[in-house]
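Structure first, then comments.
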Amino acid sequence: MRAFIFPGQGSQSVGMGKALADASVHAREVFQEVDDALGQHLFRLMSGGPESDLTLTENAQPAIMANAIAVLRVLEKEAGIAVADKVDFVAGHSLGEYTALCAAQALDLATTARLLKLRGRAMQAAVPVGEGAMAALLGADVDKAQALADAAAEGEVCTVANDNDPSQVVISGHRGAIERAIGLIKEHGIKRGVLLPVSAPFHCPLMQPAADAMAQALAKATLQAPLVPVFANVTAAPVADPDAIRRLLVEQVTGRVRWRESGAAMFAAGVTDFVELGGKVVGPMIKRIAPDATVTSAIGMDDIEALAKAL
């Protein structure tokens, strides 16, 4: 069994998608469709920067999605690979869940781009800059991370945001609480804590205003049943019902990204072949979760051609 998986925020870089667009008209069509949907020159920003603008949440989220869908579109159009025929599940990390839904045709490309633009803006606006923070805990499992977060909270928000793999957990909340947590890592038997260069504390209760905004937007969005089930971040379980998908996407804004559990559940369900499209971020996490799985990634034309032969 096979799963296509999609990266989340942080995987953006200036130049992303440019070589693919130079090589394929189908990739160019994806980037143009996203530009048209958003009414901005996002692909110009992806190609040439500046990096400070590309890193803005409202730009990074649709850019990462567009890059991955461009890879998929080339695979579909030039290699004749159909998701419904070759893939059993799709999944994505945080914003990557929207990419997964687009890949499975639950959301069309223009709708996905607009939802992610709104999601990025709403998440940025939910907490004033400087009031929130996130930190990666290395050498921590989720129980150690939650115990640390509880100890550091002192009445503020401090919680596990991303359970990425057996060796990496991310916490999120008020800046003071996150800084206290970093100061307590040795006491909790955690190897290292690193403040992340993010502009807002994602996947924690402070994001409730963004969740409310997404609830309104998703209620109006056209969402079909996906071609294959999508593993939802907040349940680490497959979902195919459109109303359930809407509800889980809203919960995802404030809820924990259960990527470790998702990877383990997909492997337990029989998935042995994981393919990351548009990045090399979540695939290595899967390899740490399920060492016996085969993990590959596809970013450029050479990767796509090799993947097409393997499929």
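Each chain in the structure tokens gets a letter, A, B and so on, in the order shown; residues start at 1 in every chain, and ligands are counted from 1 in the order they appear.
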(message) Set the distance at 12 Å and use only C-alpha atoms: which residues neighbour segment 297-299 of chain A once local chain neighbours fewer than 6 positions away are removed? I'd like the list as a ChimeraX atom specification.
(response) /A:3-7,11,16-21,27,64,66-75,273-284,286-287,305-308,310
Preceding selection exported with C-alpha atoms as a CSV table (one decimal), in the first residue's frame:
```
chain,number,residue,atom,x,y,z
A,3,ALA,CA,0.5,7.0,0.8
A,4,PHE,CA,1.3,10.4,-0.8
A,5,ILE,CA,2.4,12.8,2.0
A,6,PHE,CA,2.8,16.6,1.9
A,7,PRO,CA,5.1,19.0,3.9
A,11,SER,CA,9.7,24.0,3.8
A,16,MET,CA,11.0,26.7,-5.1
A,17,GLY,CA,9.2,25.4,-8.2
A,18,LYS,CA,11.2,27.5,-10.7
A,19,ALA,CA,13.1,24.6,-12.3
A,20,LEU,CA,9.9,22.5,-12.5
A,21,ALA,CA,8.1,25.4,-14.1
A,27,ALA,CA,3.7,23.0,-13.5
A,64,ILE,CA,4.2,25.3,-0.3
A,66,ALA,CA,1.3,25.1,-5.0
A,67,ASN,CA,4.8,23.6,-5.2
A,68,ALA,CA,3.6,20.2,-4.2
A,69,ILE,CA,0.5,20.2,-6.4
A,70,ALA,CA,2.7,21.2,-9.3
A,71,VAL,CA,4.8,18.1,-8.8
A,72,LEU,CA,1.6,16.0,-8.6
A,73,ARG,CA,0.2,17.7,-11.8
A,74,VAL,CA,3.3,16.9,-13.7
A,75,LEU,CA,3.2,13.3,-12.5
A,273,ASP,CA,5.6,3.0,0.6
A,274,PHE,CA,5.5,6.7,1.5
A,275,VAL,CA,6.1,9.4,-1.1
A,276,GLU,CA,6.6,13.0,-0.2
A,277,LEU,CA,5.7,15.4,-2.9
A,278,GLY,CA,7.2,18.9,-2.9
A,279,GLY,CA,9.7,18.5,-0.1
A,280,LYS,CA,12.0,16.4,2.0
A,281,VAL,CA,10.6,17.2,5.5
A,282,VAL,CA,7.9,14.9,6.5
A,283,GLY,CA,9.3,11.8,4.8
A,284,PRO,CA,12.4,11.7,7.1
A,286,ILE,CA,8.1,8.9,8.7
A,287,LYS,CA,11.3,7.0,8.4
A,305,GLU,CA,10.6,10.6,-13.8
A,306,ALA,CA,12.1,8.1,-11.3
A,307,LEU,CA,8.9,8.0,-9.3
A,308,ALA,CA,6.8,7.4,-12.4
A,310,ALA,CA,8.7,3.0,-9.7
```
(request) From a DSSP pass on the backbone, collect the residues of segment 42-162 of chain A flagged as alpha helix (DSSP H) and hand them back as number ranges by chain. (result) A: 42-48, 51-55, 57-79, 83-86, 96-103, 109-126, 142-153
(request) With a distance cut-off of 10 Å and only C-alpha atoms, select the neighbouring residues of Gly15 of chain A, excluding the residue or stretch itself and same-chain residues fewer than 2 positions from it, and output the selection as a list of chain:residue names. (result)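 Listed by chain and then number, they are A:Gln12, A:Ser13, A:Gly17, A:Lys18, A:Ala19, A:Phe43, A:Arg44, A:Leu45, A:Met46, A:Ser47, A:Gly48, A:Gly49, A:Glu51.
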Can you write out as a tab-separated table which residues of segment 241-277 of chain A fall within 12 Å of segment 102-115 of chain A, alongside each residue's closest atom pair and its distance in Å to one decimal, counting only C-alpha atoms and ordering rows by chain and ascending residue number?
```
residue	atom	partner	partner_atom	distance
A:Asp241	CA	A:Ala106	CA	9.8
A:Pro242	CA	A:Ala106	CA	7.9
A:Asp243	CA	A:Ala106	CA	11.4
A:Ile245	CA	A:Ala106	CA	9.4
A:Arg246	CA	A:Ala106	CA	10.8
A:Leu249	CA	A:Leu115	CA	10.9
A:Val250	CA	A:Leu115	CA	11.7
A:Leu277	CA	A:Ala103	CA	10.2
```
(message) DSSP on the backbone: which residues in segment 128-206 of chain A end up as strand (DSSP E or B)? Give the answer as a ChimeraX atom specification.
(response) /A:132-138,158-165,168-174,192-195
Once you have the residues from the selection above, write them out as a PDB file, in the first residue's frame, restricted to C-alpha atoms.
```pdb
ATOM      1  CA  GLY A 132       3.558  33.905  21.283  1.00  0.00           C
ATOM      2  CA  ALA A 133       6.344  31.462  20.484  1.00  0.00           C
ATOM      3  CA  MET A 134       7.087  27.861  19.538  1.00  0.00           C
ATOM      4  CA  ALA A 135      10.015  25.622  20.405  1.00  0.00           C
ATOM      5  CA  ALA A 136      11.254  22.296  19.080  1.00  0.00           C
ATOM      6  CA  LEU A 137      12.208  19.781  21.744  1.00  0.00           C
ATOM      7  CA  LEU A 138      14.842  17.315  20.552  1.00  0.00           C
ATOM      8  CA  CYS A 158       1.934  26.115  26.893  1.00  0.00           C
ATOM      9  CA  THR A 159       1.079  22.873  25.122  1.00  0.00           C
ATOM     10  CA  VAL A 160       2.254  20.262  22.653  1.00  0.00           C
ATOM     11  CA  ALA A 161       1.567  21.562  19.132  1.00  0.00           C
ATOM     12  CA  ASN A 162       3.279  18.992  16.888  1.00  0.00           C
ATOM     13  CA  ASP A 163       4.047  15.407  17.829  1.00  0.00           C
ATOM     14  CA  ASN A 164       6.350  14.956  14.844  1.00  0.00           C
ATOM     15  CA  ASP A 165       8.244  11.725  15.414  1.00  0.00           C
ATOM     16  CA  GLN A 168      10.968  15.572  18.075  1.00  0.00           C
ATOM     17  CA  VAL A 169       8.020  17.369  19.629  1.00  0.00           C
ATOM     18  CA  VAL A 170       7.092  21.049  19.211  1.00  0.00           C
ATOM     19  CA  ILE A 171       5.462  23.115  21.958  1.00  0.00           C
ATOM     20  CA  SER A 172       3.497  26.317  21.454  1.00  0.00           C
ATOM     21  CA  GLY A 173       1.968  29.088  23.566  1.00  0.00           C
ATOM     22  CA  HIS A 174       2.735  32.387  25.297  1.00  0.00           C
ATOM     23  CA  ARG A 192      17.666  20.264  23.669  1.00  0.00           C
ATOM     24  CA  GLY A 193      15.098  23.011  23.176  1.00  0.00           C
ATOM     25  CA  VAL A 194      15.240  25.422  20.255  1.00  0.00           C
ATOM     26  CA  LEU A 195      13.042  28.491  19.737  1.00  0.00           C
TER      27      LEU A 195
END
```
